[in-house]
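Source file: coords_0.txt; contents: compact mmCIF, C-alpha atoms.
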# COMPACT_ATOMS: atom_id res chain seq x y z
CA SER A 1 0.00 0.00 0.00
CA ARG A 2 1.25 3.49 -0.82
CA TYR A 3 0.07 4.68 2.60
CA ILE A 4 2.48 2.46 4.50
CA LYS A 5 5.48 4.38 3.16
CA MET A 6 4.18 7.80 4.15
CA ARG A 7 5.88 7.97 7.53
CA GLY A 8 8.88 10.30 7.30
CA GLU A 9 8.56 10.82 3.52
CA LEU A 10 7.48 13.85 1.50
CA ILE A 11 3.74 13.97 0.79
CA ARG A 12 1.42 16.57 -0.63
CA LEU A 13 0.19 18.84 2.19
CA GLY A 14 -3.40 18.72 0.97
CA ARG A 15 -3.35 14.94 1.04
CA VAL A 16 -2.24 14.86 4.66
CA LEU A 17 -5.01 17.29 5.66
CA THR A 18 -7.74 15.42 3.76
CA ASN A 19 -6.59 12.02 5.04
CA LEU A 20 -6.83 13.27 8.61
CA GLY A 21 -10.32 14.69 8.00
CA TYR A 22 -9.51 18.40 8.30
CA CYS A 23 -10.87 19.16 4.84
CA THR A 24 -11.73 17.82 1.39
CA ARG A 25 -9.63 18.26 -1.73
CA SER A 26 -11.80 21.16 -2.86
CA THR A 27 -11.58 22.99 0.48
CA ALA A 28 -7.84 22.45 1.13
CA ASN A 29 -6.86 26.05 0.25
CA GLY A 30 -9.39 27.53 2.68
CA CYS A 31 -8.40 24.97 5.32
CA VAL A 32 -4.75 26.02 5.21
CA LYS A 33 -5.73 29.62 5.96
CA ARG A 34 -8.53 28.87 8.43
CA LEU A 35 -6.42 26.52 10.58
CA ASP A 36 -3.20 28.49 10.15
CA VAL A 37 -1.46 25.45 8.65
CA LYS A 38 2.27 25.92 8.26
CA VAL A 39 5.25 23.84 7.25
CA ASN A 40 8.51 24.63 8.97
CA GLY A 41 6.93 27.87 10.13
CA LYS A 42 5.79 28.99 6.69
CA MET A 43 2.39 28.92 5.02
CA VAL A 44 2.59 26.89 1.78
CA SER A 45 0.23 25.65 -0.93
CA PRO A 46 -1.70 22.40 -0.35
CA ASN A 47 0.04 21.11 -3.48
CA ASN A 48 3.50 21.38 -1.94
CA LEU A 49 5.35 18.20 -1.02
CA VAL A 50 6.12 18.33 2.69
CA ASN A 51 7.45 16.27 5.59
CA PRO A 52 4.41 15.59 7.84
CA LYS A 53 6.63 15.98 10.90
CA GLU A 54 7.12 19.66 10.00
CA ILE A 55 3.39 20.51 9.74
CA THR A 56 1.77 22.70 12.40
CA ILE A 57 -1.90 23.57 12.84
CA ASN A 58 -2.55 26.64 14.95
CA ASP A 59 1.12 26.50 15.99
CA LYS A 60 0.91 22.88 17.20
CA PHE A 61 2.67 19.99 15.45
CA LEU A 62 0.51 17.13 14.19
CA GLU A 63 0.01 14.52 16.89
CA PHE A 64 -0.06 11.82 14.21
CA PHE A 65 -0.15 11.38 10.45
CA PRO A 66 -0.98 8.54 8.04
CA PRO A 67 -0.86 5.66 8.39
CA VAL A 68 -2.49 5.96 11.82
CA SER A 69 -2.63 2.95 14.18
CA PHE A 70 -4.07 3.12 17.69
CA ALA A 71 -5.37 1.03 20.57
CA PHE A 72 -8.89 1.63 21.88
CA HIS A 73 -10.61 0.37 25.05
CA LYS A 74 -14.04 -0.87 24.01
CA PRO A 75 -16.84 -0.62 26.62
CA ALA A 76 -19.65 -3.17 26.95
CA GLY A 77 -22.79 -2.71 24.87
CA VAL A 78 -20.96 -1.43 21.79
CA VAL A 79 -21.12 -3.23 18.44
CA CYS A 80 -17.85 -3.76 16.55
CA THR A 81 -18.92 -2.75 13.05
CA SER A 82 -18.69 0.21 10.71
CA LYS A 83 -22.26 -0.19 9.44
CA ARG A 84 -25.24 0.33 11.71
CA GLU A 85 -27.70 -2.54 11.28
CA ARG A 86 -30.16 -1.33 13.91
CA LYS A 87 -30.98 2.29 14.64
CA GLU A 88 -30.66 1.81 18.39
CA ASP A 89 -27.16 0.26 18.22
CA THR A 90 -24.09 2.14 19.36
CA ILE A 91 -21.29 1.17 17.01
CA ILE A 92 -17.64 1.42 17.95
CA TYR A 93 -16.91 4.14 15.39
CA ASP A 94 -19.49 6.37 17.16
CA ILE A 95 -17.46 6.53 20.35
CA LEU A 96 -13.90 6.96 19.07
CA PRO A 97 -12.18 10.17 20.22
CA GLU A 98 -13.05 12.96 17.78
CA LYS A 99 -9.49 13.31 16.45
CA PHE A 100 -9.67 9.71 15.21
CA ARG A 101 -13.36 9.74 14.28
CA ARG A 102 -12.83 12.44 11.67
CA ILE A 103 -10.21 10.42 9.74
CA LYS A 104 -11.62 9.78 6.26
CA SER A 105 -8.97 8.41 3.93
CA PRO A 106 -7.55 5.86 3.88
CA PRO A 107 -10.31 4.37 6.06
CA LEU A 108 -9.73 3.12 9.58
CA HIS A 109 -9.93 -0.66 9.82
CA LEU A 110 -10.84 -2.47 13.03
CA ALA A 111 -8.40 -5.35 13.48
CA GLY A 112 -9.77 -7.76 16.04
CA ARG A 113 -13.48 -7.44 16.75
CA LEU A 114 -15.13 -8.12 20.09
CA ASP A 115 -18.66 -9.29 20.80
CA LYS A 116 -21.14 -6.64 21.95
CA ASN A 117 -20.81 -7.30 25.68
CA VAL A 118 -17.08 -8.11 25.69
CA THR A 119 -14.81 -5.27 26.84
CA GLY A 120 -11.17 -4.45 26.31
CA LEU A 121 -8.49 -3.93 23.72
CA THR A 122 -9.18 -3.31 20.05
CA ILE A 123 -6.77 -2.02 17.41
CA PHE A 124 -7.61 0.42 14.61
CA THR A 125 -5.27 1.11 11.71
CA GLN A 126 -5.11 2.61 8.22
CA ASN A 127 -2.39 0.09 7.39
CA THR A 128 -3.99 -2.78 5.45
CA VAL A 129 -0.89 -4.96 5.79
CA MET A 130 -1.15 -4.63 9.58
CA VAL A 131 -4.80 -5.64 9.40
CA ASP A 132 -3.74 -8.80 7.57
CA LYS A 133 -1.03 -9.51 10.14
CA LEU A 134 -3.59 -9.24 12.97
CA THR A 135 -6.61 -10.96 11.42
CA SER A 136 -5.66 -13.29 8.55
CA PRO A 137 -5.87 -17.02 9.36
CA ARG A 138 -2.38 -17.28 7.83
CA ASN A 139 -0.95 -14.89 10.40
CA LYS A 140 -3.08 -14.71 13.52
CA LEU A 141 -1.35 -17.74 15.08
CA LYS A 142 2.07 -16.17 14.88
CA LEU A 143 1.51 -13.42 17.39
CA THR A 144 2.23 -14.13 21.02
CA GLY A 145 -1.50 -14.71 21.46
CA LYS A 146 -4.55 -12.72 22.49
CA GLU A 147 -5.09 -12.59 26.23
CA TYR A 148 -8.47 -12.45 27.97
CA ILE A 149 -9.63 -12.22 31.58
CA VAL A 150 -12.61 -14.56 31.87
CA LYS A 151 -15.03 -14.87 34.77
CA THR A 152 -17.48 -17.79 34.95
CA TYR A 153 -20.72 -18.34 36.84
CA HIS A 154 -19.60 -21.66 38.32
CA PRO A 155 -16.37 -22.64 40.13
CA PHE A 156 -13.63 -24.27 38.11
CA SER A 157 -13.39 -28.07 38.26
CA GLY A 158 -9.58 -28.13 38.24
CA ASP A 159 -9.32 -29.81 34.82
CA GLU A 160 -9.58 -26.63 32.74
CA LYS A 161 -5.85 -26.12 32.27
CA LYS A 162 -5.27 -29.71 31.13
CA ILE A 163 -8.25 -29.67 28.74
CA PHE A 164 -7.69 -26.24 27.20
CA GLU A 165 -3.95 -26.73 26.74
CA SER A 166 -4.28 -30.25 25.29
CA GLY A 167 -5.10 -29.28 21.72
CA THR A 168 -7.77 -31.98 21.67
CA LEU A 169 -10.88 -30.02 22.70
CA PHE A 170 -13.70 -29.97 20.13
CA LEU A 171 -16.37 -27.28 20.08
CA ASN A 172 -19.97 -28.29 19.50
CA SER A 173 -20.72 -28.97 15.79
CA GLU A 174 -17.05 -28.58 14.76
CA THR A 175 -14.82 -31.35 13.38
CA THR A 176 -11.39 -29.78 13.97
CA PRO A 177 -9.96 -29.59 17.50
CA LEU A 178 -8.95 -26.27 18.98
CA LEU A 179 -5.31 -25.27 19.10
CA PRO A 180 -3.91 -25.30 22.63
CA ALA A 181 -5.03 -22.29 24.68
CA LEU A 182 -3.16 -21.22 27.80
CA PHE A 183 -5.11 -21.24 31.08
CA GLU A 184 -3.92 -19.40 34.19
CA LEU A 185 -5.87 -18.87 37.40
CA VAL A 186 -6.14 -15.32 38.72
CA PRO A 187 -5.15 -15.34 42.43
CA ASP A 188 -7.78 -14.18 44.92
CA SER A 189 -10.41 -13.85 42.17
CA PRO A 190 -13.03 -16.61 42.37
CA ASN A 191 -14.01 -18.25 39.07
CA THR A 192 -11.55 -16.04 37.16
CA ALA A 193 -8.78 -17.04 34.76
CA ILE A 194 -6.54 -15.60 32.05
CA ILE A 195 -7.05 -17.36 28.73
CA THR A 196 -4.57 -16.91 25.85
CA LEU A 197 -5.88 -17.84 22.41
CA TYR A 198 -3.84 -18.47 19.26
CA GLU A 199 -6.81 -18.59 16.90
CA GLY A 200 -10.19 -16.90 16.67
CA ARG A 201 -13.29 -19.01 16.25
CA TYR A 202 -16.87 -17.79 16.60
CA HIS A 203 -17.64 -17.07 20.28
CA GLN A 204 -14.66 -19.28 21.07
CA ILE A 205 -14.18 -18.67 24.80
CA THR A 206 -17.90 -18.93 25.58
CA ARG A 207 -18.09 -22.20 23.64
CA MET A 208 -14.92 -23.58 25.25
CA PHE A 209 -16.40 -23.26 28.71
CA ALA A 210 -19.78 -24.54 27.52
CA ALA A 211 -17.98 -27.65 26.23
CA ILE A 212 -16.83 -28.45 29.78
CA GLY A 213 -20.12 -27.60 31.47
CA ASN A 214 -19.50 -24.03 32.65
CA LYS A 215 -20.97 -20.67 31.64
CA VAL A 216 -19.09 -17.41 31.01
CA ALA A 217 -20.16 -14.33 32.97
CA SER A 218 -17.74 -11.80 31.47
CA ILE A 219 -14.82 -11.53 29.05
CA HIS A 220 -12.23 -8.74 28.92
CA ARG A 221 -9.37 -8.63 26.40
CA LYS A 222 -6.14 -7.23 27.82
CA ARG A 223 -3.58 -7.97 25.10
CA ILE A 224 -3.23 -8.54 21.35
CA GLY A 225 0.28 -9.78 20.55
CA PRO A 226 2.75 -7.07 21.60
CA VAL A 227 0.00 -4.50 22.35
CA HIS A 228 -1.21 -4.30 25.97
CA LEU A 229 -4.27 -2.45 27.23
CA ASP A 230 -2.51 -1.52 30.48
CA ASP A 231 -4.24 1.43 32.21
CA LEU A 232 -6.13 2.74 29.17
CA LYS A 233 -9.64 3.60 30.41
CA GLU A 234 -12.90 2.64 28.69
CA GLY A 235 -13.56 4.86 25.68
CA GLU A 236 -9.95 6.07 25.55
CA ALA A 237 -7.42 5.56 22.77
CA ARG A 238 -3.65 5.80 22.41
CA LEU A 239 -1.36 5.67 19.40
CA LEU A 240 0.59 2.45 18.97
CA THR A 241 4.29 2.89 19.64
CA GLU A 242 6.85 2.44 16.88
CA LYS A 243 8.07 -0.68 18.69
CA GLU A 244 4.57 -2.20 18.80
CA ILE A 245 4.06 -1.50 15.10
CA GLU A 246 7.44 -3.03 14.25
CA GLU A 247 6.64 -6.16 16.29
CA ILE A 248 3.30 -6.64 14.54
CA MET A 249 4.81 -6.10 11.10
CA LYS A 250 7.49 -8.73 11.80
CA VAL A 251 4.87 -11.43 12.31
CA GLN A 252 5.70 -14.46 10.19
CA LYS A 253 4.08 -17.84 9.63
CA ASP A 254 5.67 -19.83 12.46
CA LEU A 255 3.48 -21.18 15.24
CA PRO A 256 4.29 -20.07 18.79
CA SER A 257 6.77 -22.47 20.46
CA PHE A 258 4.12 -23.42 23.03
CA ILE A 259 1.87 -24.82 20.29
CA GLU A 260 4.73 -26.44 18.37
CA LYS A 261 5.67 -28.42 21.47
CA LYS A 262 2.07 -29.58 21.93
CA LYS A 263 1.83 -30.60 18.27
CA GLY A 264 5.14 -32.46 18.48
CA ALA A 265 4.01 -34.36 21.57
CA LYS A 266 1.01 -35.89 19.81
Kindly transcribe the structure held in the file into structure tokens.
Amino acid sequence: SRYIKMRGELIRLGRVLTNLGYCTRSTANGCVKRLDVKVNGKMVSPNNLVNPKEITINDKFLEFFPPVSFAFHKPAGVVCTSKRERKEDTIIYDILPEKFRRIKSPPLHLAGRLDKNVTGLTIFTQNTVMVDKLTSPRNKLKLTGKEYIVKTYHPFSGDEKKIFESGTLFLNSETTPLLPALFELVPDSPNTAIITLYEGRYHQITRMFAAIGNKVASIHRKRIGPVHLDDLKEGEARLLTEKEIEEIMKVQKDLPSFIEKKKGAK
């Protein structure tokens, strides 16, 4: 994608402003004047090639420029889609911070959806290669997993770790066993565990616990590969760091060592 090479290169000023939602192509000239857009301290034409790092708007440097990638803490009750199917639904794009919500081109892609009542980490990006790294069946296994805090209605039996990490668990109506999923109890939190998945099947965690006779009360995602939610509050977003982006982009086609060992032991 031509957008992936934008960072640190010369781009047309008008293109940067339209991509970030400040204006359209036809209003770029007025936008430059209205927002006091300058490059290296000077007002220039929207047609000029510029370094995005040198752009200021109202004397403030751009906080970010294409391709934009950020983490967002999804609250419960929000639907992960860009198209509203029901008038009463709140979709995730409705509640993004305004500075990200106005981004028009290239579009923001949601990489890693969550069910309506699941909370936690989601990643948005304009980088289509990153989307593929995070969501494609060819690549999703190669991250260091997606980590969830799961609370159930009933106490654990004690066999969950053995069953989930075995690589032999079948979900109802499926003919292929699940890949091993890590299971770790959360100390001093009844009926609560950290589950790490290396694949993404439909309602997977809920169905995993249903398969062993338990019922999920809540699910919260805290990590996707190298990206951690940490102390990001619900409804808040933060830009991905250069290191996080580099780690995602390095994802290859090898299975995590944990899974390779399980496969080799069969």
> If we count all atoms listed in the file, what is near Leu114 in chain A at a cut-off of 12 Å, once residues fewer than 2 positions away on the same chain are taken out, given as a ChimeraX atom specification?
Replying inline: /A:72-81,91-92,110-112,116-123,146,148,200-205,219-222,224
> With all atoms listed in the file as the basis for distance, which of A:Lys250, A:Lys151, A:Arg113, A:Lys33 is at the shortest distance from Phe209 in chain A?
Replying inline: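 Among A:Lys250, A:Lys151, A:Arg113, A:Lys33, it is A:Lys151 that comes nearest to Phe209 in chain A.
The interatomic distance for the pair CA of Pro155 in chain A and CA of Asn191 in chain A works out to 5.1 Å.
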>> So, with all atoms listed in the file as the atoms that count, which of A:Met249, A:Leu229, A:Ile103, A:Ile212 lies closest to Asp159 in chain A?
In response: A:Ile212
>> Please determine, counting only C-alpha atoms, which residue among A:Glu247, A:Glu54, A:Glu174, A:Glu236 has the shortest atom-to-atom distance to Phe100 in chain A.
In response: A:Glu236
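Nearest-residue note for Phe156 in chain A: choosing from A:Pro52, A:Pro106, A:Pro67, A:Pro190, the minimum distance belongs to A:Pro190, counting only C-alpha atoms.
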Mind rebuilding range 182-193 of chain A with N, CA and C atoms and writing that out as a PDB file, in the frame of the given file?
ATOM      1  N   LEU A 182      -3.713 -21.286  26.455  1.00  0.00           N
ATOM      2  CA  LEU A 182      -3.160 -21.220  27.800  1.00  0.00           C
ATOM      3  C   LEU A 182      -4.247 -20.866  28.819  1.00  0.00           C
ATOM      4  N   PHE A 183      -4.155 -21.483  30.000  1.00  0.00           N
ATOM      5  CA  PHE A 183      -5.110 -21.240  31.080  1.00  0.00           C
ATOM      6  C   PHE A 183      -4.327 -20.949  32.342  1.00  0.00           C
ATOM      7  N   GLU A 184      -4.628 -19.803  32.964  1.00  0.00           N
ATOM      8  CA  GLU A 184      -3.920 -19.400  34.190  1.00  0.00           C
ATOM      9  C   GLU A 184      -4.918 -18.817  35.181  1.00  0.00           C
ATOM     10  N   LEU A 185      -4.975 -19.386  36.370  1.00  0.00           N
ATOM     11  CA  LEU A 185      -5.870 -18.870  37.400  1.00  0.00           C
ATOM     12  C   LEU A 185      -5.441 -17.487  37.857  1.00  0.00           C
ATOM     13  N   VAL A 186      -6.425 -16.641  38.167  1.00  0.00           N
ATOM     14  CA  VAL A 186      -6.140 -15.320  38.720  1.00  0.00           C
ATOM     15  C   VAL A 186      -6.233 -15.424  40.243  1.00  0.00           C
ATOM     16  N   PRO A 187      -5.143 -15.202  40.964  1.00  0.00           N
ATOM     17  CA  PRO A 187      -5.150 -15.340  42.430  1.00  0.00           C
ATOM     18  C   PRO A 187      -6.180 -14.429  43.097  1.00  0.00           C
ATOM     19  N   ASP A 188      -6.823 -14.945  44.108  1.00  0.00           N
ATOM     20  CA  ASP A 188      -7.780 -14.180  44.920  1.00  0.00           C
ATOM     21  C   ASP A 188      -8.960 -13.638  44.123  1.00  0.00           C
ATOM     22  N   SER A 189      -9.247 -14.247  42.975  1.00  0.00           N
ATOM     23  CA  SER A 189     -10.410 -13.850  42.170  1.00  0.00           C
ATOM     24  C   SER A 189     -11.206 -15.107  41.830  1.00  0.00           C
ATOM     25  N   PRO A 190     -12.267 -15.382  42.586  1.00  0.00           N
ATOM     26  CA  PRO A 190     -13.030 -16.610  42.370  1.00  0.00           C
ATOM     27  C   PRO A 190     -13.544 -16.734  40.932  1.00  0.00           C
ATOM     28  N   ASN A 191     -13.467 -17.932  40.398  1.00  0.00           N
ATOM     29  CA  ASN A 191     -14.010 -18.250  39.070  1.00  0.00           C
ATOM     30  C   ASN A 191     -13.405 -17.377  37.961  1.00  0.00           C
ATOM     31  N   THR A 192     -12.163 -16.951  38.130  1.00  0.00           N
ATOM     32  CA  THR A 192     -11.550 -16.040  37.160  1.00  0.00           C
ATOM     33  C   THR A 192     -10.221 -16.604  36.665  1.00  0.00           C
ATOM     34  N   ALA A 193     -10.018 -16.533  35.356  1.00  0.00           N
ATOM     35  CA  ALA A 193      -8.780 -17.040  34.760  1.00  0.00           C
ATOM     36  C   ALA A 193      -8.349 -16.148  33.602  1.00  0.00           C
TER      37      ALA A 193
END
